[in-house]
file entry31.txt (compact mmCIF, C-alpha atoms)
# COMPACT_ATOMS: atom_id res chain seq x y z
CA MET L 1 5.10 -27.97 5.65
CA THR L 2 1.39 -27.39 5.08
CA ILE L 3 0.36 -23.91 3.97
CA THR L 4 -3.02 -22.77 5.30
CA ILE L 5 -4.68 -19.54 4.29
CA THR L 6 -7.91 -18.01 5.55
CA ALA L 7 -10.75 -16.77 3.35
CA PHE L 8 -14.30 -15.49 3.80
CA SER L 9 -16.81 -18.25 4.51
CA LYS L 10 -19.14 -16.07 2.43
CA SER L 11 -17.40 -13.43 0.33
CA PRO L 12 -19.33 -10.16 -0.01
CA ASP L 13 -18.58 -10.13 -3.75
CA GLN L 14 -20.50 -13.39 -4.31
CA GLY L 15 -17.63 -15.09 -6.06
CA MET L 16 -16.35 -12.33 -8.36
CA GLY L 17 -12.87 -13.15 -7.09
CA LEU L 18 -12.27 -9.68 -5.67
CA ALA L 19 -11.66 -10.77 -2.08
CA ARG L 20 -7.98 -10.67 -1.29
CA ASP L 21 -7.55 -14.39 -0.73
CA THR L 22 -7.74 -14.64 -4.54
CA ARG L 23 -4.41 -12.77 -4.79
CA VAL L 24 -2.75 -15.27 -2.49
CA ARG L 25 -4.42 -18.28 -4.14
CA TRP L 26 -3.17 -16.98 -7.51
CA ALA L 27 0.40 -16.62 -6.23
CA LEU L 28 0.33 -20.12 -4.72
CA GLU L 29 -0.94 -21.51 -8.03
CA GLU L 30 1.79 -19.69 -10.00
CA ALA L 31 4.35 -21.25 -7.65
CA GLY L 32 2.69 -24.66 -7.94
CA LEU L 33 2.18 -24.99 -4.19
CA PRO L 34 -0.64 -26.98 -2.59
CA TYR L 35 -2.49 -25.23 0.23
CA GLU L 36 -5.42 -25.57 2.54
CA VAL L 37 -8.12 -23.01 3.19
CA ARG L 38 -9.78 -22.28 6.50
CA LEU L 39 -13.02 -20.34 6.07
CA VAL L 40 -13.79 -17.56 8.54
CA SER L 41 -17.13 -15.85 9.15
CA PHE L 42 -17.47 -12.06 9.46
CA ARG L 43 -18.18 -12.55 13.12
CA ALA L 44 -15.15 -14.76 13.77
CA MET L 45 -12.90 -12.30 11.91
CA LYS L 46 -13.50 -9.72 14.64
CA GLN L 47 -12.86 -12.13 17.51
CA ARG L 48 -9.76 -12.63 19.56
CA ALA L 49 -8.47 -15.80 17.93
CA HIS L 50 -8.44 -14.30 14.45
CA LEU L 51 -7.25 -10.87 15.62
CA GLY L 52 -4.22 -12.61 17.09
CA MET L 53 -3.27 -13.54 13.52
CA GLN L 54 -4.69 -10.49 11.73
CA PRO L 55 -4.90 -7.40 13.95
CA PHE L 56 -7.18 -5.56 11.49
CA GLY L 57 -9.81 -8.32 11.43
CA GLN L 58 -9.42 -9.16 7.76
CA ILE L 59 -8.60 -12.09 5.52
CA PRO L 60 -6.39 -13.63 4.22
CA THR L 61 -3.82 -14.87 6.69
CA TYR L 62 -1.01 -17.29 5.85
CA GLN L 63 0.24 -20.06 8.11
CA GLU L 64 3.20 -22.30 7.45
CA GLY L 65 4.39 -24.15 10.54
CA ASP L 66 4.89 -21.50 13.20
CA LEU L 67 5.11 -18.63 10.71
CA VAL L 68 1.96 -16.49 10.62
CA LEU L 69 1.70 -13.63 8.12
CA PHE L 70 -0.98 -11.23 6.97
CA GLU L 71 -1.13 -8.54 4.25
CA THR L 72 -1.33 -9.95 0.74
CA GLY L 73 1.77 -8.04 -0.36
CA ALA L 74 3.89 -9.57 2.37
CA ILE L 75 2.44 -13.04 1.87
CA ILE L 76 3.04 -12.98 -1.88
CA LEU L 77 6.54 -11.61 -1.45
CA HIS L 78 7.27 -14.41 1.02
CA ILE L 79 6.02 -17.02 -1.45
CA ALA L 80 7.96 -15.38 -4.28
CA GLU L 81 11.20 -15.35 -2.30
CA HIS L 82 11.03 -19.07 -1.62
CA HIS L 83 9.65 -20.44 -4.89
CA ALA L 84 10.22 -19.85 -8.59
CA GLY L 85 7.70 -18.22 -10.88
CA LEU L 86 6.93 -14.87 -9.29
CA LEU L 87 10.14 -12.82 -9.28
CA PRO L 88 12.99 -12.62 -11.80
CA ASN L 89 16.41 -13.95 -10.83
CA ASP L 90 18.29 -10.83 -11.88
CA ALA L 91 18.70 -8.63 -8.79
CA HIS L 92 17.76 -5.36 -10.46
CA ALA L 93 14.75 -6.82 -12.26
CA ARG L 94 13.68 -8.37 -8.96
CA ALA L 95 13.83 -5.00 -7.17
CA ARG L 96 11.80 -3.41 -9.97
CA ALA L 97 9.14 -6.15 -9.78
CA ILE L 98 8.83 -5.47 -6.04
CA THR L 99 8.46 -1.77 -6.90
CA TRP L 100 5.36 -2.67 -8.92
CA MET L 101 3.97 -4.67 -6.00
CA PHE L 102 4.18 -1.57 -3.82
CA ALA L 103 2.92 0.69 -6.63
CA ALA L 104 -0.15 -1.54 -6.91
CA VAL L 105 -1.05 -1.37 -3.23
CA ASN L 106 0.14 2.12 -2.28
CA THR L 107 -0.35 4.24 -5.42
CA VAL L 108 -3.01 2.60 -7.60
CA GLU L 109 -5.21 0.90 -4.99
CA PRO L 110 -5.88 3.81 -2.57
CA PRO L 111 -8.08 5.82 -5.00
CA ILE L 112 -9.84 2.57 -5.96
CA LEU L 113 -10.52 1.87 -2.27
CA GLU L 114 -12.02 5.36 -2.08
CA LEU L 115 -14.52 4.30 -4.71
CA VAL L 116 -15.40 1.17 -2.74
CA THR L 117 -15.88 3.32 0.37
CA ALA L 118 -17.95 5.89 -1.54
CA ARG L 119 -20.31 3.18 -2.71
CA ILE L 120 -20.59 0.95 0.33
CA PHE L 121 -20.36 3.43 3.20
CA GLU L 122 -21.47 6.70 1.62
CA GLY L 123 -23.82 5.51 -1.11
CA ASP L 124 -26.81 6.79 0.88
CA LYS L 125 -25.34 10.21 1.68
CA PRO L 126 -26.73 13.38 0.11
CA TRP L 127 -23.37 14.12 -1.56
CA SER L 128 -22.94 10.66 -3.04
CA LYS L 129 -24.02 11.43 -6.61
CA GLU L 130 -22.23 14.75 -6.93
CA ARG L 131 -19.02 13.46 -5.38
CA LEU L 132 -18.64 10.26 -7.42
CA PRO L 133 -17.19 11.97 -10.54
CA LEU L 134 -14.38 13.42 -8.42
CA VAL L 135 -13.52 9.96 -7.12
CA HIS L 136 -13.64 8.57 -10.66
CA ASP L 137 -11.33 11.32 -11.92
CA ARG L 138 -8.72 10.57 -9.29
CA ILE L 139 -8.75 6.94 -10.40
CA ARG L 140 -8.58 7.98 -14.08
CA ASN L 141 -5.51 10.04 -13.32
CA ARG L 142 -3.67 6.99 -12.01
CA LEU L 143 -4.94 4.75 -14.82
CA ARG L 144 -3.75 7.24 -17.43
CA GLN L 145 -0.24 7.24 -15.93
CA LEU L 146 -0.18 3.45 -15.68
CA SER L 147 -1.50 3.09 -19.23
CA THR L 148 1.23 5.39 -20.53
CA ARG L 149 3.92 3.39 -18.78
CA LEU L 150 2.57 0.00 -19.91
CA GLY L 151 2.24 1.11 -23.53
CA ASP L 152 1.97 -1.94 -25.76
CA ALA L 153 3.97 -4.23 -23.49
CA ASP L 154 2.44 -7.43 -22.15
CA TRP L 155 3.60 -6.89 -18.57
CA LEU L 156 4.94 -3.96 -16.55
CA ASP L 157 8.63 -4.91 -16.62
CA GLY L 158 9.65 -7.80 -18.85
CA SER L 159 8.15 -11.15 -17.89
CA PHE L 160 5.07 -11.66 -15.72
CA SER L 161 5.91 -11.13 -12.04
CA ALA L 162 4.33 -10.71 -8.61
CA GLY L 163 4.15 -7.00 -9.51
CA ASP L 164 1.77 -7.80 -12.37
CA LEU L 165 -0.19 -10.19 -10.18
CA MET L 166 -0.83 -7.46 -7.61
CA MET L 167 -1.56 -4.80 -10.20
CA VAL L 168 -3.98 -6.94 -12.21
CA HIS L 169 -5.90 -7.89 -9.09
CA VAL L 170 -6.07 -4.28 -7.91
CA LEU L 171 -7.40 -3.23 -11.34
CA LEU L 172 -9.97 -6.03 -11.40
CA ARG L 173 -11.89 -4.13 -8.73
CA LEU L 174 -12.70 -1.54 -11.40
CA ARG L 175 -14.36 -3.86 -13.87
CA LEU L 176 -17.94 -3.02 -12.93
CA SER L 177 -17.22 0.73 -12.90
CA GLY L 178 -16.41 0.75 -16.62
CA LEU L 179 -13.30 2.88 -15.93
CA LEU L 180 -10.95 0.15 -17.05
CA ASP L 181 -12.49 0.07 -20.52
CA GLU L 182 -11.48 3.70 -21.05
CA PHE L 183 -7.89 2.43 -21.26
CA PRO L 184 -7.85 -0.45 -23.74
CA ASN L 185 -4.26 -1.46 -23.06
CA LEU L 186 -5.03 -1.78 -19.34
CA ALA L 187 -8.20 -3.76 -20.05
CA ALA L 188 -6.12 -6.10 -22.24
CA TYR L 189 -3.45 -6.31 -19.54
CA VAL L 190 -6.03 -7.38 -16.97
CA ALA L 191 -7.48 -9.90 -19.42
CA ARG L 192 -3.98 -11.35 -19.96
CA GLY L 193 -3.67 -11.81 -16.21
CA GLU L 194 -7.05 -13.48 -15.95
CA ALA L 195 -6.20 -15.82 -18.81
CA ARG L 196 -3.27 -17.35 -16.95
CA PRO L 197 -4.00 -20.94 -15.92
CA ALA L 198 -2.91 -20.18 -12.35
CA TYR L 199 -5.46 -17.36 -12.10
CA GLN L 200 -8.14 -19.59 -13.59
CA ARG L 201 -7.50 -22.23 -10.94
CA ALA L 202 -7.49 -19.63 -8.14
CA PHE L 203 -10.73 -18.13 -9.42
CA ALA L 204 -12.43 -21.50 -9.73
CA ASP L 205 -11.45 -22.48 -6.20
CA GLN L 206 -12.91 -19.33 -4.64
CA TRP L 207 -15.96 -19.57 -6.93
CA ALA L 208 -16.72 -23.05 -5.61
CA ILE L 209 -17.06 -21.50 -2.15
CA ASN L 210 -18.62 -18.15 -2.94
CA LYS L 211 -20.95 -18.67 -5.89
CA PRO L 212 -24.48 -17.60 -5.08
CA ALA L 213 -26.58 -20.52 -3.85
CA ALA L 214 -29.15 -21.79 -6.36
CA LYS L 215 -32.45 -20.13 -5.67
CA ALA L 216 -34.96 -22.30 -3.82
CA ARG L 217 -38.00 -22.93 -5.96
CA MET R 1 28.18 3.29 -5.82
CA THR R 2 26.56 6.67 -5.23
CA ILE R 3 22.94 6.64 -4.11
CA THR R 4 20.86 9.54 -5.40
CA ILE R 5 17.29 10.19 -4.35
CA THR R 6 14.88 12.83 -5.58
CA ALA R 7 12.88 15.18 -3.37
CA PHE R 8 10.62 18.22 -3.80
CA SER R 9 12.52 21.41 -4.50
CA LYS R 10 9.77 22.99 -2.38
CA SER R 11 7.77 20.56 -0.28
CA PRO R 12 4.07 21.44 0.09
CA ASP R 13 4.31 20.69 3.83
CA GLN R 14 6.86 23.47 4.38
CA GLY R 15 9.33 21.22 6.10
CA MET R 16 7.08 19.19 8.41
CA GLY R 17 8.87 16.10 7.12
CA LEU R 18 5.72 14.51 5.70
CA ALA R 19 6.92 14.27 2.10
CA ARG R 20 7.90 10.74 1.29
CA ASP R 21 11.57 11.41 0.70
CA THR R 22 11.78 11.65 4.50
CA ARG R 23 10.97 7.91 4.75
CA VAL R 24 13.83 7.07 2.42
CA ARG R 25 16.23 9.52 4.08
CA TRP R 26 15.38 7.94 7.43
CA ALA R 27 16.07 4.42 6.13
CA LEU R 28 19.38 5.52 4.60
CA GLU R 29 20.37 7.12 7.91
CA GLU R 30 19.44 3.97 9.87
CA ALA R 31 21.64 1.99 7.50
CA GLY R 32 24.44 4.55 7.75
CA LEU R 33 24.58 5.16 4.02
CA PRO R 34 25.66 8.45 2.44
CA TYR R 35 23.42 9.72 -0.36
CA GLU R 36 22.87 12.63 -2.66
CA VAL R 37 19.62 14.47 -3.26
CA ARG R 38 18.41 15.88 -6.55
CA LEU R 39 15.62 18.40 -6.10
CA VAL R 40 12.73 18.35 -8.55
CA SER R 41 10.11 21.04 -9.11
CA PHE R 42 6.38 20.26 -9.39
CA ARG R 43 6.62 21.10 -13.05
CA ALA R 44 9.61 18.84 -13.74
CA MET R 45 7.92 15.96 -11.88
CA LYS R 46 5.26 15.83 -14.58
CA GLN R 47 7.72 15.92 -17.48
CA ARG R 48 9.08 13.10 -19.54
CA ALA R 49 12.51 12.79 -17.94
CA HIS R 50 11.11 12.30 -14.46
CA LEU R 51 8.16 10.18 -15.61
CA GLY R 52 10.69 7.78 -17.11
CA MET R 53 11.89 7.14 -13.56
CA GLN R 54 8.58 7.60 -11.73
CA PRO R 55 5.55 6.93 -13.94
CA PHE R 56 3.14 8.54 -11.45
CA GLY R 57 5.02 11.86 -11.39
CA GLN R 58 5.96 11.74 -7.72
CA ILE R 59 9.03 11.78 -5.51
CA PRO R 60 11.13 10.09 -4.24
CA THR R 61 13.06 8.02 -6.74
CA TYR R 62 16.20 6.04 -5.93
CA GLN R 63 19.18 5.65 -8.22
CA GLU R 64 22.21 3.46 -7.59
CA GLY R 65 24.30 2.89 -10.71
CA ASP R 66 21.87 1.66 -13.34
CA LEU R 67 19.21 0.60 -10.84
CA VAL R 68 16.26 2.98 -10.72
CA LEU R 69 13.47 2.40 -8.20
CA PHE R 70 10.40 4.26 -7.02
CA GLU R 71 7.80 3.60 -4.26
CA THR R 72 9.14 4.18 -0.77
CA GLY R 73 8.21 0.65 0.30
CA ALA R 74 10.28 -0.92 -2.46
CA ILE R 75 13.19 1.48 -1.96
CA ILE R 76 13.31 0.87 1.78
CA LEU R 77 13.02 -2.88 1.34
CA HIS R 78 15.90 -2.75 -1.16
CA ILE R 79 18.06 -0.81 1.31
CA ALA R 80 17.06 -3.16 4.14
CA GLU R 81 17.96 -6.25 2.14
CA HIS R 82 21.48 -5.02 1.43
CA HIS R 83 22.40 -3.33 4.70
CA ALA R 84 22.04 -4.06 8.41
CA GLY R 85 19.76 -2.12 10.72
CA LEU R 86 16.30 -2.34 9.16
CA LEU R 87 15.29 -6.01 9.13
CA PRO R 88 15.94 -8.81 11.64
CA ASN R 89 18.21 -11.71 10.64
CA ASP R 90 15.77 -14.42 11.69
CA ALA R 91 13.77 -15.43 8.60
CA HIS R 92 10.37 -15.49 10.31
CA ALA R 93 10.90 -12.19 12.12
CA ARG R 94 12.05 -10.70 8.81
CA ALA R 95 8.86 -11.81 7.05
CA ARG R 96 6.77 -10.35 9.87
CA ALA R 97 8.61 -7.01 9.68
CA ILE R 98 7.85 -6.89 5.94
CA THR R 99 4.22 -7.62 6.83
CA TRP R 100 4.19 -4.40 8.87
CA MET R 101 5.68 -2.47 5.94
CA PHE R 102 2.75 -3.56 3.78
CA ALA R 103 0.24 -3.02 6.61
CA ALA R 104 1.48 0.55 6.91
CA VAL R 105 1.02 1.39 3.23
CA ASN R 106 -1.98 -0.77 2.30
CA THR R 107 -4.12 -0.93 5.46
CA VAL R 108 -3.31 2.09 7.64
CA GLU R 109 -2.33 4.69 5.04
CA PRO R 110 -5.33 4.51 2.64
CA PRO R 111 -7.88 6.00 5.09
CA ILE R 112 -5.28 8.63 6.04
CA LEU R 113 -4.83 9.50 2.36
CA GLU R 114 -8.62 9.92 2.19
CA LEU R 115 -8.30 12.61 4.84
CA VAL R 116 -5.57 14.37 2.86
CA THR R 117 -7.80 14.22 -0.23
CA ALA R 118 -10.85 15.44 1.71
CA ARG R 119 -8.93 18.48 2.89
CA ILE R 120 -6.91 19.41 -0.17
CA PHE R 121 -9.24 18.48 -3.03
CA GLU R 122 -12.68 18.58 -1.41
CA GLY R 123 -12.20 21.17 1.31
CA ASP R 124 -14.31 23.67 -0.63
CA LYS R 125 -17.17 21.27 -1.44
CA PRO R 126 -20.60 21.67 0.17
CA TRP R 127 -20.31 18.23 1.81
CA SER R 128 -16.87 18.82 3.28
CA LYS R 129 -17.89 19.61 6.87
CA GLU R 130 -20.52 16.92 7.18
CA ARG R 131 -18.37 14.25 5.59
CA LEU R 132 -15.18 14.79 7.62
CA PRO R 133 -16.38 12.91 10.74
CA LEU R 134 -16.95 9.79 8.60
CA VAL R 135 -13.40 9.99 7.27
CA HIS R 136 -12.08 10.50 10.80
CA ASP R 137 -14.03 7.48 12.07
CA ARG R 138 -12.57 5.22 9.40
CA ILE R 139 -9.10 6.30 10.51
CA ARG R 140 -10.02 5.82 14.19
CA ASN R 141 -11.11 2.29 13.41
CA ARG R 142 -7.65 1.42 12.08
CA LEU R 143 -5.87 3.28 14.88
CA ARG R 144 -7.88 1.39 17.50
CA GLN R 145 -6.88 -1.95 15.97
CA LEU R 146 -3.24 -0.91 15.71
CA SER R 147 -3.25 0.45 19.26
CA THR R 148 -4.64 -2.84 20.56
CA ARG R 149 -1.96 -4.82 18.77
CA LEU R 150 0.90 -2.56 19.89
CA GLY R 151 -0.23 -2.60 23.53
CA ASP R 152 2.63 -1.47 25.74
CA ALA R 153 5.39 -2.70 23.44
CA ASP R 154 7.98 -0.29 22.09
CA TRP R 155 7.79 -1.55 18.50
CA LEU R 156 5.35 -3.67 16.50
CA ASP R 157 7.34 -6.92 16.54
CA GLY R 158 10.42 -7.08 18.75
CA SER R 159 13.16 -4.65 17.78
CA PHE R 160 12.74 -1.56 15.62
CA SER R 161 12.46 -2.49 11.93
CA ALA R 162 11.58 -1.07 8.53
CA GLY R 163 7.98 -1.98 9.44
CA ASP R 164 8.06 0.51 12.31
CA LEU R 165 9.77 3.09 10.13
CA MET R 166 6.96 2.93 7.57
CA MET R 167 4.21 2.84 10.20
CA VAL R 168 5.58 5.76 12.21
CA HIS R 169 5.90 7.89 9.09
CA VAL R 170 2.39 7.01 7.93
CA LEU R 171 1.02 7.96 11.38
CA LEU R 172 2.96 11.24 11.43
CA ARG R 173 0.56 12.54 8.80
CA LEU R 174 -2.13 12.54 11.49
CA ARG R 175 -0.37 14.79 13.97
CA LEU R 176 -2.22 17.98 13.06
CA SER R 177 -5.60 16.19 13.03
CA GLY R 178 -5.38 15.41 16.75
CA LEU R 179 -6.49 11.82 16.04
CA LEU R 180 -3.19 10.34 17.12
CA ASP R 181 -3.54 11.83 20.61
CA GLU R 182 -6.72 9.80 21.14
CA PHE R 183 -4.45 6.73 21.31
CA PRO R 184 -1.67 7.54 23.80
CA ASN R 185 0.33 4.39 23.09
CA LEU R 186 0.39 5.24 19.37
CA ALA R 187 1.37 8.84 20.09
CA ALA R 188 4.22 7.53 22.25
CA TYR R 189 5.18 5.04 19.52
CA VAL R 190 5.45 7.82 16.96
CA ALA R 191 7.45 9.94 19.41
CA ARG R 192 9.85 7.00 19.91
CA GLY R 193 10.36 6.86 16.16
CA GLU R 194 10.96 10.58 15.91
CA ALA R 195 13.48 10.44 18.76
CA ARG R 196 15.77 8.09 16.86
CA PRO R 197 19.00 9.84 15.83
CA ALA R 198 18.55 8.58 12.24
CA TYR R 199 15.11 10.21 12.03
CA GLN R 200 16.48 13.41 13.53
CA ARG R 201 19.17 13.59 10.86
CA ALA R 202 16.66 12.82 8.08
CA PHE R 203 14.29 15.48 9.38
CA ALA R 204 17.03 18.10 9.69
CA ASP R 205 18.22 17.46 6.15
CA GLN R 206 14.78 17.94 4.62
CA TRP R 207 14.12 20.93 6.92
CA ALA R 208 17.23 22.67 5.59
CA ILE R 209 15.62 22.56 2.14
CA ASN R 210 11.97 23.08 2.97
CA LYS R 211 11.80 25.44 5.93
CA PRO R 212 9.75 28.52 5.15
CA ALA R 213 11.92 31.35 3.93
CA ALA R 214 12.45 34.16 6.43
CA LYS R 215 9.94 36.89 5.76
CA ALA R 216 11.30 39.91 3.94
CA ARG R 217 10.98 43.03 6.10
call {"tool": "encode", "arguments": {"input": "entry31.txt", "output": "structure tokens"}}
result
Amino acid sequence: MTITITAFSKSPDQGMGLARDTRVRWALEEAGLPYEVRLVSFRAMKQRAHLGMQPFGQIPTYQEGDLVLFETGAIILHIAEHHAGLLPNDAHARARAITWMFAAVNTVEPPILELVTARIFEGDKPWSKERLPLVHDRIRNRLRQLSTRLGDADWLDGSFSAGDLMMVHVLLRLRLSGLLDEFPNLAAYVARGEARPAYQRAFADQWAINKPAAKAR
Amino acid sequence: MTITITAFSKSPDQGMGLARDTRVRWALEEAGLPYEVRLVSFRAMKQRAHLGMQPFGQIPTYQEGDLVLFETGAIILHIAEHHAGLLPNDAHARARAITWMFAAVNTVEPPILELVTARIFEGDKPWSKERLPLVHDRIRNRLRQLSTRLGDADWLDGSFSAGDLMMVHVLLRLRLSGLLDEFPNLAAYVARGEARPAYQRAFADQWAINKPAAKAR
């Protein structure tokens, strides 16, 4: 059955791989699954046809026959449940890997999303400059806790899992802020994720679509 | 095997049921499972023994023999996978219910957490009053999309599921803000969740611990 995901026809990050289709591409590559991509414009994302698949007007979506899913966590869990390579076989280790998936999106990502919001939607506000250090400190607090737990391990709980995939991609959003470099073991953890061949393929595929067009002379 | 969860020894919400142990209590009640509760103080939550179970120093945790989990999403999914009452049997409907679990914690909850942060940590800042309407509008945007999707249905996708449980509890945080009442179908949806006997039992159990002490004369 063909798997089709949606992605931005023009990602706002200009190919840095931060759009959430990259998470799903990465998971599909780890599982060795072929897939097709349907590109969606900002305008089309807010129209009825897309909202029928994704009620919040976002990408990615996932289609496989008559199954339609959204939310990267749910999509990746679905892939992981049906294919090897993303969750351990041992039942307890599997439950713990899923714990890290949720920790990535519900504990570590929210303060990082606050930073995105502060920059994009409040960057021109009079409080922007004074408020930013507070936002940074809330992120640092989470990074410190995560760094302590990771210690000198390669991955969060034994072998690489969908929990690491989600966490690495959530942390990647911090690269430009410099916050990640304050925690060398987390920076190394993210680099280990990026070095995986499956991530490299996922990145290259989104880059081919999103790289900035060559400047006209 | 005994299930033990942790909860605040004194919840900051004074028994409104907004602390996240209520989500797990509710799921355990829906599944008809007995459980024990170990109360943890704010101080103990930040100490080594608790951090070994919950690296971010929060509640709840979930213990069942030698399985230790954190993150309400992962705990509830674990319960739902092993007991009837929280996920449909049909594989596609099950995947869609899990999609709503992730939508609750990764799409709807983040802007609501921003409101909590704005009030608790930035309530005394000079920008607080001027900034609040922006935070409210970002929440309204999500509520509008969710309200459109729900329409006049009772639950988000067929029968009540763990997806509704997570979404209702995430939305409950908005009650005092008045934002929920701007979307009557969402207010009714939350009320339907609260009316479930399992929620009532979960609420009563946390209330018994957290209700404000009677004033001394």
call {"tool": "interface_residues", "arguments": {"input": "entry31.txt", "of": "chain R", "to": "chain L", "cutoff": "8 Å", "atoms": "all atoms listed in the file", "output": "PyMOL selection string"}}
result
chain R and resi 55-56+67-71+73-75+78+92+95-96+98-99+102-103+105-106+110+113-114+127+142+145-146+149
call {"tool": "closest_residue", "arguments": {"input": "entry31.txt", "among": "R:Leu174, R:Met167, R:Ile3, R:Ala118", "to": "Pro133 (chain R)", "atoms": "only C-alpha atoms"}}
result
R:Ala118
call {"tool": "closest_residue", "arguments": {"input": "entry31.txt", "among": "R:Ala7, R:Ile120, R:Ala188, R:Leu86", "to": "Asp205 (chain R)", "atoms": "all atoms listed in the file"}}
result
R:Ala7
call {"tool": "residues_around", "arguments": {"input": "entry31.txt", "residues": "Ser11 (chain R)", "least_positions_apart": "2", "cutoff": "12 Å", "atoms": "all atoms listed in the file", "output": "PyMOL selection string"}}
result
chain R and resi 6-9+13-22+39-42+58-60+206-212
call {"tool": "atom_distance", "arguments": {"input": "entry31.txt", "atom1": "CA of Asp154 (chain R)", "atom2": "CA of Lys46 (chain L)"}}
result
24.6 Å
call {"tool": "residues_around", "arguments": {"input": "entry31.txt", "residues": "Pro197 (chain L)", "least_positions_apart": "4", "cutoff": "12 Å", "atoms": "all atoms listed in the file", "output": "ChimeraX atom specification"}}
result
/L:26-27,29-32,192-193,201-204
